[in-house]
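To start, the structure itself, in structure tokens.
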Amino acid sequence: MDWTRILTNVAGEFFAPTTAAYALAAIGLNIHFGLTGLLNMGQAGFMLLGAYGFAIATIAGWPLWAAVLIAIAAATIFALILGIPTLKLRGDYLAIVTIAAAEIVRLVGRSTALTELTGASSGLRGNQYKDTFQDASPFDDGTWALGPFEYAVNASNSWWIRIVGWLVVALACLLVWLLIRSPWGRVLKGIREDEDAVRSLGKNVYSYKMQALVLGGVIGSLAGILYVLPRAVQPDSMGRSMTFFIWTILLLGGAATVFGPVLGSIIFWAVLAVVKLTLRDVVPTTILRSEQIEQFGWIIVGVALMVLIIFRPQGILGDKKELAINAH
Amino acid sequence: MPTEPSPAATDARAAVAAALRDVPHVPGAPKPDPVLIADDVRRMFGGVNAVDVDHVEVQRGAITALIGPNGAGKTTFFNLLTGFDKPNSGKWTFDGRSLGGVAAARVARAGMVRTFQLTKALNRMTVMENMRLGATAQPGENLFAALVPAVWRPREKAITEQAEELLARFKLDTKRDDFAGSLSGGQRKLLEMARALMAKPQMIMLDEPMAGVNPALTQSLLGHIQALRDDGTTVLFVEHDMHMVRHISDWVIVMTEGRIVAEGPPDSVMNNPAVIDAYLGAHHDTDLGDDALLDDAVLEQLRTEDEEAR
Ligand SMILES: Nc1ncnc2c1ncn2[C@@H]1O[C@H](COP(=O)(O)OP(=O)(O)O)[C@@H](O)[C@H]1O
Ligand SMILES: [Mg+2]
């Protein structure tokens, strides 16, 4: 077995663009769930909407910054549409509506009615919308190696997307760090625990929940852009299972913490890579074919999530003491 | 340890008593300077009239007790007035502003802040964070200002000082950094009241503030409530402890089955046979206002709670 190759591959996952995209999506979900207690079960919908908004605007000839603004605007409107009818109701209503709405985004995206815009179920090829982002790179084209890691500087799965992706993740962490420590974050924390108490103190709970929903959704849409830049916009790869992975990542790292989503994403993708690569090397293809290994990896994820919730519900970075206090 | 009332305190009490001297002892009696006026407030729960108040006025700057047997509709009436529940009909004004149908948060911002019968301390936040949340005019509660600590730090400092003062007054200063969930039931009641006071409300509405509070603390809690009146705050409170009602209230309103059945100063109301009948039922021959109402079982429960708190 080639351990060097496996370890190199796993280490590559630590800073892969996908890891950054999922970390960013989980940071958005952390603002919803960790900070405010909102059950958003459709974070992939925000990502897909951001990806479509960015890709379609770019294909239409819009500059990079404008295409990003379109993605942000799409997520904002989506959050408002989801929030206005549900945020005055009990929390489960938001959960149901977000599941359904994310599915609707995906189904509309893959429907043939909009083929000219969305490419229907085959999606949008990366080459159609990557240029503005790659042209924004200050570096010369070519490939560059750092130790065993060799990637193109600007094209597709590049150093450039890694740099930008992790920079955005770092900024989002800074944002959450500032917000958690602020009076605004304090109001959200109060809402997470008892809305009525916060209302009785004169805070407009509905408005705060809406702000959190929009902010987390916008961060989700940026994650969607990051996710599709090194690949293509494929509606079927951004569905319920993507939302499920984002939740796993958030709970793994620790909800309501600053770095939980980042750590969660790194561990999630690294462990998955270890499992898949090892199985591929160890198990003969007569027993498990490679697509079965793929599926086996996801089974491991499901089991790991269950074990985690049973034995360490606060996640890796979460505060055990805080979780131990039950509502009297 | 009961403290001698300060001259200011006796003055305030005497002034309120003088203002209420000529108010007739009848339900719905008009007050000389009402801060809250409610008309035809009704709330039905499946055919039962939980609240059915024709007219009631609450005197500004006075301590008014709202008493009545369990299920009389006191909590529901509080919920309606503070926007936590919607009436089937009715309107009311607070300080001249119509507040019927206004959302709870706006009612609080208008200066009418309430506490809950089932305490709503935010258990996973520290005592100090609970207190800070009660403050008003913190610019850092705006999303964008929150990102610039220099904008909200000065106000945060002022809020923290105000909170420390209140915590000391309520003897919670040693618990400053503990989770609210680690406090005893009585301490959480105190915290909830102190938190409500952070907003410096014009009127505070307390739903059973003494329930579960350690007897050693009740005396000083009575002092706090009287001090509020002396500072000009209007207090409306629901209470079962007749001793407390008699001791501190300037005016008593009696509710049964959703209706207001009697009003008057404590002595007059508690000697009203109709009230004794309606309110006490089985305890017919108990002297109202006697500590005997705090029976042994209750005292025992309070003691255990107190011990748990330590
Ligand atoms: N949410 C509710 N649903 C149905 N009935 C209720 C509700 N809240 C209160 N009630 C009923 O309304 C009446 C008044 O209750 P409440 O206001 O809690 O009385 P009090 O505070 O005076 O003890 C009671 O008969 C109670 O059962
Ligand atoms: Mg009650």
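Residues in the structure tokens are numbered from 1 in each chain, the chains being A, B, ... in the order shown, and ligands are numbered from 1 in the order shown.
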Could you make a table, as a Markdown table, of the residues of chain B that have an atom within 10 Å of an atom of ligand 1, each with its nearest atom pair and distance in Å to one decimal, counting only C-alpha atoms and all ligand atoms, in chain and number order?
```
| residue | atom | partner | partner_atom_place_in_ligand_line | distance |
| --- | --- | --- | --- | --- |
| B:Arg43 | CA | ligand 1 | 12 (O) | 8.5 |
| B:Met44 | CA | ligand 1 | 12 (O) | 7.9 |
| B:Phe45 | CA | ligand 1 | 4 (C) | 4.9 |
| B:Gly46 | CA | ligand 1 | 4 (C) | 7.1 |
| B:Gly47 | CA | ligand 1 | 5 (N) | 9.7 |
| B:Val48 | CA | ligand 1 | 25 (O) | 7.3 |
| B:Asn49 | CA | ligand 1 | 12 (O) | 7.4 |
| B:Ala50 | CA | ligand 1 | 12 (O) | 4.3 |
| B:Val51 | CA | ligand 1 | 14 (C) | 7.1 |
| B:Leu66 | CA | ligand 1 | 22 (O) | 9.1 |
| B:Ile67 | CA | ligand 1 | 22 (O) | 7.9 |
| B:Gly68 | CA | ligand 1 | 22 (O) | 6.3 |
| B:Pro69 | CA | ligand 1 | 22 (O) | 6.3 |
| B:Asn70 | CA | ligand 1 | 23 (O) | 3.7 |
| B:Gly71 | CA | ligand 1 | 19 (O) | 3.4 |
| B:Ala72 | CA | ligand 1 | 22 (O) | 3.8 |
| B:Gly73 | CA | ligand 1 | 17 (O) | 3.2 |
| B:Lys74 | CA | ligand 1 | 22 (O) | 3.7 |
| B:Thr75 | CA | ligand 1 | 21 (O) | 3.6 |
| B:Thr76 | CA | ligand 1 | 17 (O) | 3.7 |
| B:Phe77 | CA | ligand 1 | 17 (O) | 6.4 |
| B:Phe78 | CA | ligand 1 | 17 (O) | 7.9 |
| B:Asn79 | CA | ligand 1 | 17 (O) | 8.2 |
| B:Leu80 | CA | ligand 1 | 17 (O) | 9.9 |
| B:Asp85 | CA | ligand 1 | 1 (N) | 8.9 |
| B:Gln117 | CA | ligand 1 | 21 (O) | 8.0 |
| B:Asp207 | CA | ligand 1 | 21 (O) | 8.1 |
| B:Glu208 | CA | ligand 1 | 21 (O) | 8.9 |
| B:Val238 | CA | ligand 1 | 21 (O) | 8.1 |
| B:Glu239 | CA | ligand 1 | 21 (O) | 9.7 |
| B:His240 | CA | ligand 1 | 23 (O) | 9.9 |
| B:Met255 | CA | ligand 1 | 22 (O) | 7.7 |
| B:Thr256 | CA | ligand 1 | 22 (O) | 7.8 |
| B:Glu257 | CA | ligand 1 | 14 (C) | 7.4 |
| B:Gly258 | CA | ligand 1 | 14 (C) | 7.0 |
```
Keeping C-alpha atoms for every residue in the selection just given, could you write it to a file as an mmCIF file, in the first residue's frame?
```cif
data_model
loop_
_atom_site.group_PDB
_atom_site.id
_atom_site.type_symbol
_atom_site.label_atom_id
_atom_site.label_comp_id
_atom_site.auth_asym_id
_atom_site.auth_seq_id
_atom_site.Cartn_x
_atom_site.Cartn_y
_atom_site.Cartn_z
ATOM 1 C CA ARG B 43 -60.240 37.085 25.970
ATOM 2 C CA MET B 44 -62.038 33.795 25.434
ATOM 3 C CA PHE B 45 -60.425 30.373 25.618
ATOM 4 C CA GLY B 46 -62.828 27.901 24.023
ATOM 5 C CA GLY B 47 -66.005 29.473 25.341
ATOM 6 C CA VAL B 48 -64.527 30.420 28.729
ATOM 7 C CA ASN B 49 -64.076 34.116 29.420
ATOM 8 C CA ALA B 50 -60.544 34.142 30.818
ATOM 9 C CA VAL B 51 -60.520 37.948 30.904
ATOM 10 C CA LEU B 66 -53.713 42.527 41.268
ATOM 11 C CA ILE B 67 -54.999 39.633 43.337
ATOM 12 C CA GLY B 68 -57.439 36.812 42.813
ATOM 13 C CA PRO B 69 -57.667 33.023 43.016
ATOM 14 C CA ASN B 70 -55.789 30.767 40.611
ATOM 15 C CA GLY B 71 -57.319 30.841 37.166
ATOM 16 C CA ALA B 72 -58.835 34.295 37.737
ATOM 17 C CA GLY B 73 -57.205 35.565 34.554
ATOM 18 C CA LYS B 74 -54.439 37.722 36.036
ATOM 19 C CA THR B 75 -51.652 36.284 33.914
ATOM 20 C CA THR B 76 -53.824 36.365 30.801
ATOM 21 C CA PHE B 77 -54.619 40.027 31.504
ATOM 22 C CA PHE B 78 -50.879 40.741 31.802
ATOM 23 C CA ASN B 79 -50.271 38.921 28.518
ATOM 24 C CA LEU B 80 -52.913 40.969 26.744
ATOM 25 C CA ASP B 85 -51.588 37.583 23.610
ATOM 26 C CA GLN B 117 -44.940 33.893 36.294
ATOM 27 C CA ASP B 207 -46.267 38.296 37.786
ATOM 28 C CA GLU B 208 -45.868 36.638 41.191
ATOM 29 C CA VAL B 238 -49.727 39.831 40.896
ATOM 30 C CA GLU B 239 -49.145 38.209 44.245
ATOM 31 C CA HIS B 240 -50.590 35.503 46.448
ATOM 32 C CA MET B 255 -60.135 39.665 39.956
ATOM 33 C CA THR B 256 -62.212 36.502 39.826
ATOM 34 C CA GLU B 257 -63.288 34.585 36.771
ATOM 35 C CA GLY B 258 -61.877 37.235 34.494
#
```
Please extract the residues of stretch 190-276 of chain A with a backbone DSSP assignment of alpha helix (DSSP H) and present them as an NGL selection string.
:A and (190-193 or 195-200 or 205-228 or 240-253 or 260-276)
Fewer than 5 positions away in the same chain doesn't count, so skip those; otherwise give me all residues within 9 Å of stretch 167-172 of chain A, counting only C-alpha atoms, as a PyMOL selection string.
chain A and resi 20-21+23-24+27-28+162+177+219+222-223+262
Selected residues written out, all heavy atoms, as a PDB file, in the first residue's frame:
```
ATOM      1  N   ALA A  20     -12.881  24.443   1.563  1.00  0.00           N
ATOM      2  CA  ALA A  20     -13.161  25.852   1.875  1.00  0.00           C
ATOM      3  C   ALA A  20     -14.621  26.181   1.619  1.00  0.00           C
ATOM      4  O   ALA A  20     -15.272  26.858   2.428  1.00  0.00           O
ATOM      5  CB  ALA A  20     -12.259  26.757   1.033  1.00  0.00           C
ATOM      6  N   ALA A  21     -15.161  25.691   0.508  1.00  0.00           N
ATOM      7  CA  ALA A  21     -16.557  25.989   0.178  1.00  0.00           C
ATOM      8  C   ALA A  21     -17.494  25.433   1.249  1.00  0.00           C
ATOM      9  O   ALA A  21     -18.415  26.123   1.704  1.00  0.00           O
ATOM     10  CB  ALA A  21     -16.905  25.406  -1.188  1.00  0.00           C
ATOM     11  N   ALA A  23     -16.682  24.708   4.356  1.00  0.00           N
ATOM     12  CA  ALA A  23     -16.455  25.442   5.602  1.00  0.00           C
ATOM     13  C   ALA A  23     -17.259  26.736   5.578  1.00  0.00           C
ATOM     14  O   ALA A  23     -17.932  27.096   6.551  1.00  0.00           O
ATOM     15  CB  ALA A  23     -14.970  25.744   5.777  1.00  0.00           C
ATOM     16  N   LEU A  24     -17.251  27.417   4.442  1.00  0.00           N
ATOM     17  CA  LEU A  24     -17.976  28.686   4.329  1.00  0.00           C
ATOM     18  C   LEU A  24     -19.487  28.465   4.447  1.00  0.00           C
ATOM     19  O   LEU A  24     -20.181  29.207   5.150  1.00  0.00           O
ATOM     20  CB  LEU A  24     -17.632  29.352   2.997  1.00  0.00           C
ATOM     21  CG  LEU A  24     -18.050  30.811   2.853  1.00  0.00           C
ATOM     22  CD1 LEU A  24     -17.372  31.676   3.899  1.00  0.00           C
ATOM     23  CD2 LEU A  24     -17.726  31.329   1.457  1.00  0.00           C
ATOM     24  N   ILE A  27     -20.274  27.961   7.961  1.00  0.00           N
ATOM     25  CA  ILE A  27     -20.226  29.217   8.722  1.00  0.00           C
ATOM     26  C   ILE A  27     -21.569  29.942   8.584  1.00  0.00           C
ATOM     27  O   ILE A  27     -22.117  30.465   9.550  1.00  0.00           O
ATOM     28  CB  ILE A  27     -19.061  30.104   8.230  1.00  0.00           C
ATOM     29  CG1 ILE A  27     -17.723  29.496   8.661  1.00  0.00           C
ATOM     30  CG2 ILE A  27     -19.188  31.521   8.796  1.00  0.00           C
ATOM     31  CD1 ILE A  27     -16.506  30.181   8.049  1.00  0.00           C
ATOM     32  N   GLY A  28     -22.119  29.934   7.363  1.00  0.00           N
ATOM     33  CA  GLY A  28     -23.445  30.528   7.163  1.00  0.00           C
ATOM     34  C   GLY A  28     -24.499  29.820   7.996  1.00  0.00           C
ATOM     35  O   GLY A  28     -25.306  30.451   8.685  1.00  0.00           O
ATOM     36  N   ARG A 162      -7.779  28.432  -4.359  1.00  0.00           N
ATOM     37  CA  ARG A 162      -7.489  28.103  -2.949  1.00  0.00           C
ATOM     38  C   ARG A 162      -7.229  29.366  -2.140  1.00  0.00           C
ATOM     39  O   ARG A 162      -7.720  29.532  -1.028  1.00  0.00           O
ATOM     40  CB  ARG A 162      -6.272  27.169  -2.869  1.00  0.00           C
ATOM     41  CG  ARG A 162      -6.606  25.739  -3.225  1.00  0.00           C
ATOM     42  CD  ARG A 162      -5.380  24.851  -3.285  1.00  0.00           C
ATOM     43  NE  ARG A 162      -5.758  23.449  -3.444  1.00  0.00           N
ATOM     44  CZ  ARG A 162      -6.205  22.917  -4.569  1.00  0.00           C
ATOM     45  NH1 ARG A 162      -6.333  23.677  -5.645  1.00  0.00           N
ATOM     46  NH2 ARG A 162      -6.537  21.646  -4.634  1.00  0.00           N
ATOM     47  N   TRP A 177     -16.598  36.060  14.551  1.00  0.00           N
ATOM     48  CA  TRP A 177     -15.898  36.348  15.811  1.00  0.00           C
ATOM     49  C   TRP A 177     -16.337  37.711  16.357  1.00  0.00           C
ATOM     50  O   TRP A 177     -16.621  37.859  17.546  1.00  0.00           O
ATOM     51  CB  TRP A 177     -14.385  36.333  15.550  1.00  0.00           C
ATOM     52  CG  TRP A 177     -13.543  36.521  16.768  1.00  0.00           C
ATOM     53  CD1 TRP A 177     -13.216  35.556  17.687  1.00  0.00           C
ATOM     54  CD2 TRP A 177     -12.911  37.730  17.198  1.00  0.00           C
ATOM     55  NE1 TRP A 177     -12.423  36.109  18.668  1.00  0.00           N
ATOM     56  CE2 TRP A 177     -12.224  37.439  18.394  1.00  0.00           C
ATOM     57  CE3 TRP A 177     -12.874  39.030  16.701  1.00  0.00           C
ATOM     58  CZ2 TRP A 177     -11.506  38.393  19.099  1.00  0.00           C
ATOM     59  CZ3 TRP A 177     -12.157  39.988  17.392  1.00  0.00           C
ATOM     60  CH2 TRP A 177     -11.476  39.668  18.571  1.00  0.00           C
ATOM     61  N   ILE A 219     -23.845  34.187   2.956  1.00  0.00           N
ATOM     62  CA  ILE A 219     -22.576  33.471   3.081  1.00  0.00           C
ATOM     63  C   ILE A 219     -22.672  32.123   2.376  1.00  0.00           C
ATOM     64  O   ILE A 219     -21.730  31.686   1.698  1.00  0.00           O
ATOM     65  CB  ILE A 219     -22.190  33.325   4.573  1.00  0.00           C
ATOM     66  CG1 ILE A 219     -21.857  34.713   5.133  1.00  0.00           C
ATOM     67  CG2 ILE A 219     -21.022  32.368   4.752  1.00  0.00           C
ATOM     68  CD1 ILE A 219     -21.511  34.734   6.597  1.00  0.00           C
ATOM     69  N   LEU A 222     -22.161  32.646  -1.346  1.00  0.00           N
ATOM     70  CA  LEU A 222     -20.739  32.808  -1.687  1.00  0.00           C
ATOM     71  C   LEU A 222     -20.049  31.444  -1.692  1.00  0.00           C
ATOM     72  O   LEU A 222     -19.201  31.154  -2.549  1.00  0.00           O
ATOM     73  CB  LEU A 222     -20.053  33.746  -0.694  1.00  0.00           C
ATOM     74  CG  LEU A 222     -20.575  35.192  -0.671  1.00  0.00           C
ATOM     75  CD1 LEU A 222     -19.823  36.015   0.363  1.00  0.00           C
ATOM     76  CD2 LEU A 222     -20.449  35.831  -2.050  1.00  0.00           C
ATOM     77  N   ALA A 223     -20.444  30.592  -0.733  1.00  0.00           N
ATOM     78  CA  ALA A 223     -19.891  29.239  -0.703  1.00  0.00           C
ATOM     79  C   ALA A 223     -20.253  28.498  -1.984  1.00  0.00           C
ATOM     80  O   ALA A 223     -19.449  27.719  -2.512  1.00  0.00           O
ATOM     81  CB  ALA A 223     -20.418  28.487   0.522  1.00  0.00           C
ATOM     82  N   VAL A 262     -14.868  25.396  10.258  1.00  0.00           N
ATOM     83  CA  VAL A 262     -13.636  25.199   9.488  1.00  0.00           C
ATOM     84  C   VAL A 262     -13.001  23.861   9.866  1.00  0.00           C
ATOM     85  O   VAL A 262     -12.686  23.028   9.000  1.00  0.00           O
ATOM     86  CB  VAL A 262     -12.642  26.354   9.751  1.00  0.00           C
ATOM     87  CG1 VAL A 262     -11.356  26.110   8.989  1.00  0.00           C
ATOM     88  CG2 VAL A 262     -13.267  27.687   9.357  1.00  0.00           C
TER      89      VAL A 262
END
```
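In this model, the gap between atom CA of B:Asp177 and atom CA of B:Glu129 comes to 8.4 Å.
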Select all residues from chain B having any atom no more than 8 Å from an atom of chain A (counting only C-alpha atoms, ignoring ligands), output as a VMD selection string.
chain B and resid 104 to 109 113 to 115 120 to 125 129 133 to 135 138 140 to 143 146 to 147 149 181 to 182 196 199
For B:Met198, please output as number ranges by chain all residues within 8 Å (counting only C-alpha atoms; exclusion window: fewer than 5 positions along the same chain).
B: 131-132, 134-136, 162-163
Write the residues of the selection above to a file with all heavy atoms, as a PDB file, in the first residue's frame.
```pdb
ATOM      1  N   MET B 131     -28.389  40.574  32.249  1.00  0.00           N
ATOM      2  CA  MET B 131     -28.640  41.967  32.641  1.00  0.00           C
ATOM      3  C   MET B 131     -28.388  42.914  31.468  1.00  0.00           C
ATOM      4  O   MET B 131     -29.174  43.817  31.196  1.00  0.00           O
ATOM      5  CB  MET B 131     -27.731  42.348  33.805  1.00  0.00           C
ATOM      6  CG  MET B 131     -28.037  41.613  35.086  1.00  0.00           C
ATOM      7  SD  MET B 131     -29.659  42.030  35.731  1.00  0.00           S
ATOM      8  CE  MET B 131     -29.352  43.655  36.407  1.00  0.00           C
ATOM      9  N   ARG B 132     -27.283  42.690  30.779  1.00  0.00           N
ATOM     10  CA  ARG B 132     -26.939  43.586  29.668  1.00  0.00           C
ATOM     11  C   ARG B 132     -28.007  43.551  28.580  1.00  0.00           C
ATOM     12  O   ARG B 132     -28.278  44.554  27.930  1.00  0.00           O
ATOM     13  CB  ARG B 132     -25.596  43.188  29.063  1.00  0.00           C
ATOM     14  CG  ARG B 132     -24.413  43.564  29.942  1.00  0.00           C
ATOM     15  CD  ARG B 132     -23.132  43.054  29.304  1.00  0.00           C
ATOM     16  NE  ARG B 132     -21.952  43.417  30.074  1.00  0.00           N
ATOM     17  CZ  ARG B 132     -20.887  42.644  30.202  1.00  0.00           C
ATOM     18  NH1 ARG B 132     -20.857  41.467  29.619  1.00  0.00           N
ATOM     19  NH2 ARG B 132     -19.858  43.049  30.906  1.00  0.00           N
ATOM     20  N   GLY B 134     -31.031  43.383  28.974  1.00  0.00           N
ATOM     21  CA  GLY B 134     -32.189  44.189  29.353  1.00  0.00           C
ATOM     22  C   GLY B 134     -32.026  45.667  29.045  1.00  0.00           C
ATOM     23  O   GLY B 134     -33.014  46.413  29.022  1.00  0.00           O
ATOM     24  N   ALA B 135     -30.796  46.097  28.794  1.00  0.00           N
ATOM     25  CA  ALA B 135     -30.557  47.528  28.620  1.00  0.00           C
ATOM     26  C   ALA B 135     -31.112  48.031  27.293  1.00  0.00           C
ATOM     27  O   ALA B 135     -31.328  47.272  26.358  1.00  0.00           O
ATOM     28  CB  ALA B 135     -29.059  47.804  28.688  1.00  0.00           C
ATOM     29  N   THR B 136     -31.349  49.315  27.225  1.00  0.00           N
ATOM     30  CA  THR B 136     -31.824  49.925  25.983  1.00  0.00           C
ATOM     31  C   THR B 136     -30.711  50.790  25.397  1.00  0.00           C
ATOM     32  O   THR B 136     -29.680  51.010  26.020  1.00  0.00           O
ATOM     33  CB  THR B 136     -33.044  50.818  26.240  1.00  0.00           C
ATOM     34  OG1 THR B 136     -32.690  51.747  27.258  1.00  0.00           O
ATOM     35  CG2 THR B 136     -34.236  50.001  26.672  1.00  0.00           C
ATOM     36  N   GLN B 162     -24.370  49.955  35.394  1.00  0.00           N
ATOM     37  CA  GLN B 162     -25.767  49.964  35.837  1.00  0.00           C
ATOM     38  C   GLN B 162     -26.171  48.568  36.304  1.00  0.00           C
ATOM     39  O   GLN B 162     -26.831  48.401  37.338  1.00  0.00           O
ATOM     40  CB  GLN B 162     -26.646  50.416  34.670  1.00  0.00           C
ATOM     41  CG  GLN B 162     -28.101  50.653  35.035  1.00  0.00           C
ATOM     42  CD  GLN B 162     -28.996  50.666  33.787  1.00  0.00           C
ATOM     43  OE1 GLN B 162     -28.517  50.742  32.654  1.00  0.00           O
ATOM     44  NE2 GLN B 162     -30.287  50.572  34.013  1.00  0.00           N
ATOM     45  N   ALA B 163     -25.737  47.555  35.554  1.00  0.00           N
ATOM     46  CA  ALA B 163     -26.078  46.179  35.898  1.00  0.00           C
ATOM     47  C   ALA B 163     -25.447  45.785  37.227  1.00  0.00           C
ATOM     48  O   ALA B 163     -26.077  45.132  38.060  1.00  0.00           O
ATOM     49  CB  ALA B 163     -25.621  45.235  34.789  1.00  0.00           C
TER      50      ALA B 163
END
```
Which of these residues is nearest to ligand 2, using only C-alpha atoms and all ligand atoms: B:His224, B:Pro32, B:Leu118, B:Asp11?
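Using only C-alpha atoms and all ligand atoms, the shortest distance to ligand 2 belongs to B:Leu118.
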Please give the complete set of residues from stretch 89-238 of chain A that DSSP, run on the backbone, assigns to strand (DSSP E or B), formatted as a ChimeraX atom specification.
/A:124,143-146,149-152,233
Dump as a PDB file, in the first residue's frame, selection limited to N, CA, C and O atoms:
```pdb
ATOM      1  N   LEU A 124     -24.314  23.852 -16.077  1.00  0.00           N
ATOM      2  CA  LEU A 124     -23.474  24.811 -16.805  1.00  0.00           C
ATOM      3  C   LEU A 124     -22.023  24.363 -16.683  1.00  0.00           C
ATOM      4  O   LEU A 124     -21.548  24.077 -15.580  1.00  0.00           O
ATOM      5  N   THR A 143       1.947  26.113 -13.857  1.00  0.00           N
ATOM      6  CA  THR A 143       1.693  25.297 -12.667  1.00  0.00           C
ATOM      7  C   THR A 143       2.760  25.624 -11.637  1.00  0.00           C
ATOM      8  O   THR A 143       3.839  26.139 -11.962  1.00  0.00           O
ATOM      9  N   TRP A 144       2.437  25.319 -10.397  1.00  0.00           N
ATOM     10  CA  TRP A 144       3.360  25.641  -9.323  1.00  0.00           C
ATOM     11  C   TRP A 144       3.256  24.535  -8.289  1.00  0.00           C
ATOM     12  O   TRP A 144       2.163  24.021  -8.016  1.00  0.00           O
ATOM     13  N   ALA A 145       4.393  24.144  -7.726  1.00  0.00           N
ATOM     14  CA  ALA A 145       4.371  23.055  -6.760  1.00  0.00           C
ATOM     15  C   ALA A 145       4.869  23.543  -5.407  1.00  0.00           C
ATOM     16  O   ALA A 145       5.855  24.276  -5.318  1.00  0.00           O
ATOM     17  N   LEU A 146       4.158  23.128  -4.389  1.00  0.00           N
ATOM     18  CA  LEU A 146       4.612  23.383  -3.034  1.00  0.00           C
ATOM     19  C   LEU A 146       4.780  22.004  -2.401  1.00  0.00           C
ATOM     20  O   LEU A 146       3.794  21.356  -2.052  1.00  0.00           O
ATOM     21  N   PHE A 149       2.482  19.126  -3.423  1.00  0.00           N
ATOM     22  CA  PHE A 149       1.218  19.639  -3.955  1.00  0.00           C
ATOM     23  C   PHE A 149       1.476  20.472  -5.197  1.00  0.00           C
ATOM     24  O   PHE A 149       2.079  21.541  -5.126  1.00  0.00           O
ATOM     25  N   GLU A 150       0.996  19.948  -6.336  1.00  0.00           N
ATOM     26  CA  GLU A 150       1.216  20.651  -7.580  1.00  0.00           C
ATOM     27  C   GLU A 150      -0.118  20.934  -8.258  1.00  0.00           C
ATOM     28  O   GLU A 150      -0.884  20.018  -8.553  1.00  0.00           O
ATOM     29  N   TYR A 151      -0.420  22.235  -8.428  1.00  0.00           N
ATOM     30  CA  TYR A 151      -1.670  22.610  -9.089  1.00  0.00           C
ATOM     31  C   TYR A 151      -1.377  23.715 -10.094  1.00  0.00           C
ATOM     32  O   TYR A 151      -0.358  24.397 -10.018  1.00  0.00           O
ATOM     33  N   ALA A 152      -2.359  23.920 -11.006  1.00  0.00           N
ATOM     34  CA  ALA A 152      -2.279  25.062 -11.911  1.00  0.00           C
ATOM     35  C   ALA A 152      -2.337  26.332 -11.071  1.00  0.00           C
ATOM     36  O   ALA A 152      -2.943  26.352 -10.000  1.00  0.00           O
ATOM     37  N   VAL A 233     -21.692  23.815 -12.657  1.00  0.00           N
ATOM     38  CA  VAL A 233     -22.928  23.928 -11.881  1.00  0.00           C
ATOM     39  C   VAL A 233     -23.790  22.726 -12.219  1.00  0.00           C
ATOM     40  O   VAL A 233     -24.303  22.615 -13.325  1.00  0.00           O
TER      41      VAL A 233
END
```
Show me, as an MDAnalysis selection string, the residues that have an atom within 12 Å of stretch 226-228 of chain B when counting only C-alpha atoms, minus same-chain residues fewer than 4 positions from it.
chainID B and resid 3 5:13 16 61:64 166 169 193:194 197 200:205 219:222 232:236 244:245 247:250
Can you tell me, as a PyMOL selection string, what residues are no more than 7 Å from stretch 81-91 of chain A when counting only C-alpha atoms, ignoring any on the same chain fewer than 6 positions away?
chain A and resi 38-39+97-98+206+209-210
Near stretch 52-59 of chain B, within 6 Å and counting only C-alpha atoms, which residues show up once chain neighbours fewer than 5 positions away are dropped, as a list in words?
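Here the qualifying residues turn out to be Gly28, Lys31, Asp33, Pro34, Val35, Leu36, Ile37, Ala38, Asp39, Asp40, Val41, Arg42, Gly258 and Arg259 of chain B.
Here the question is which of A:Leu80, A:Leu308, A:Thr19, A:Leu49 gets nearest to A:Ser207 using only C-alpha atoms, and that residue is A:Leu80.
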Go through B:Ser184, B:Arg195, B:Thr119, B:Thr218 one by one, measure the shortest atom-to-atom distance of each to ligand 2 using only C-alpha atoms and all ligand atoms, and give the residue with the smallest value.
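For ligand 2, the nearest of the given residues is B:Thr119.
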Record the distance separating atom CA of B:Asp267 and atom CA of B:Asp241, expressed in Å with one decimal.
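Computed distance, atom CA of B:Asp267 to atom CA of B:Asp241, equals 14.6 Å.
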Distance atom CA of A:Lys130-atom CA of A:Val214, one decimal place?
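Atom CA of A:Val214 lies 26.3 Å from atom CA of A:Lys130.
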Proximity to ligand 2 - best of B:Thr126, B:Ala158, B:Met242, B:Phe116, only C-alpha atoms and all ligand atoms
B:Phe116
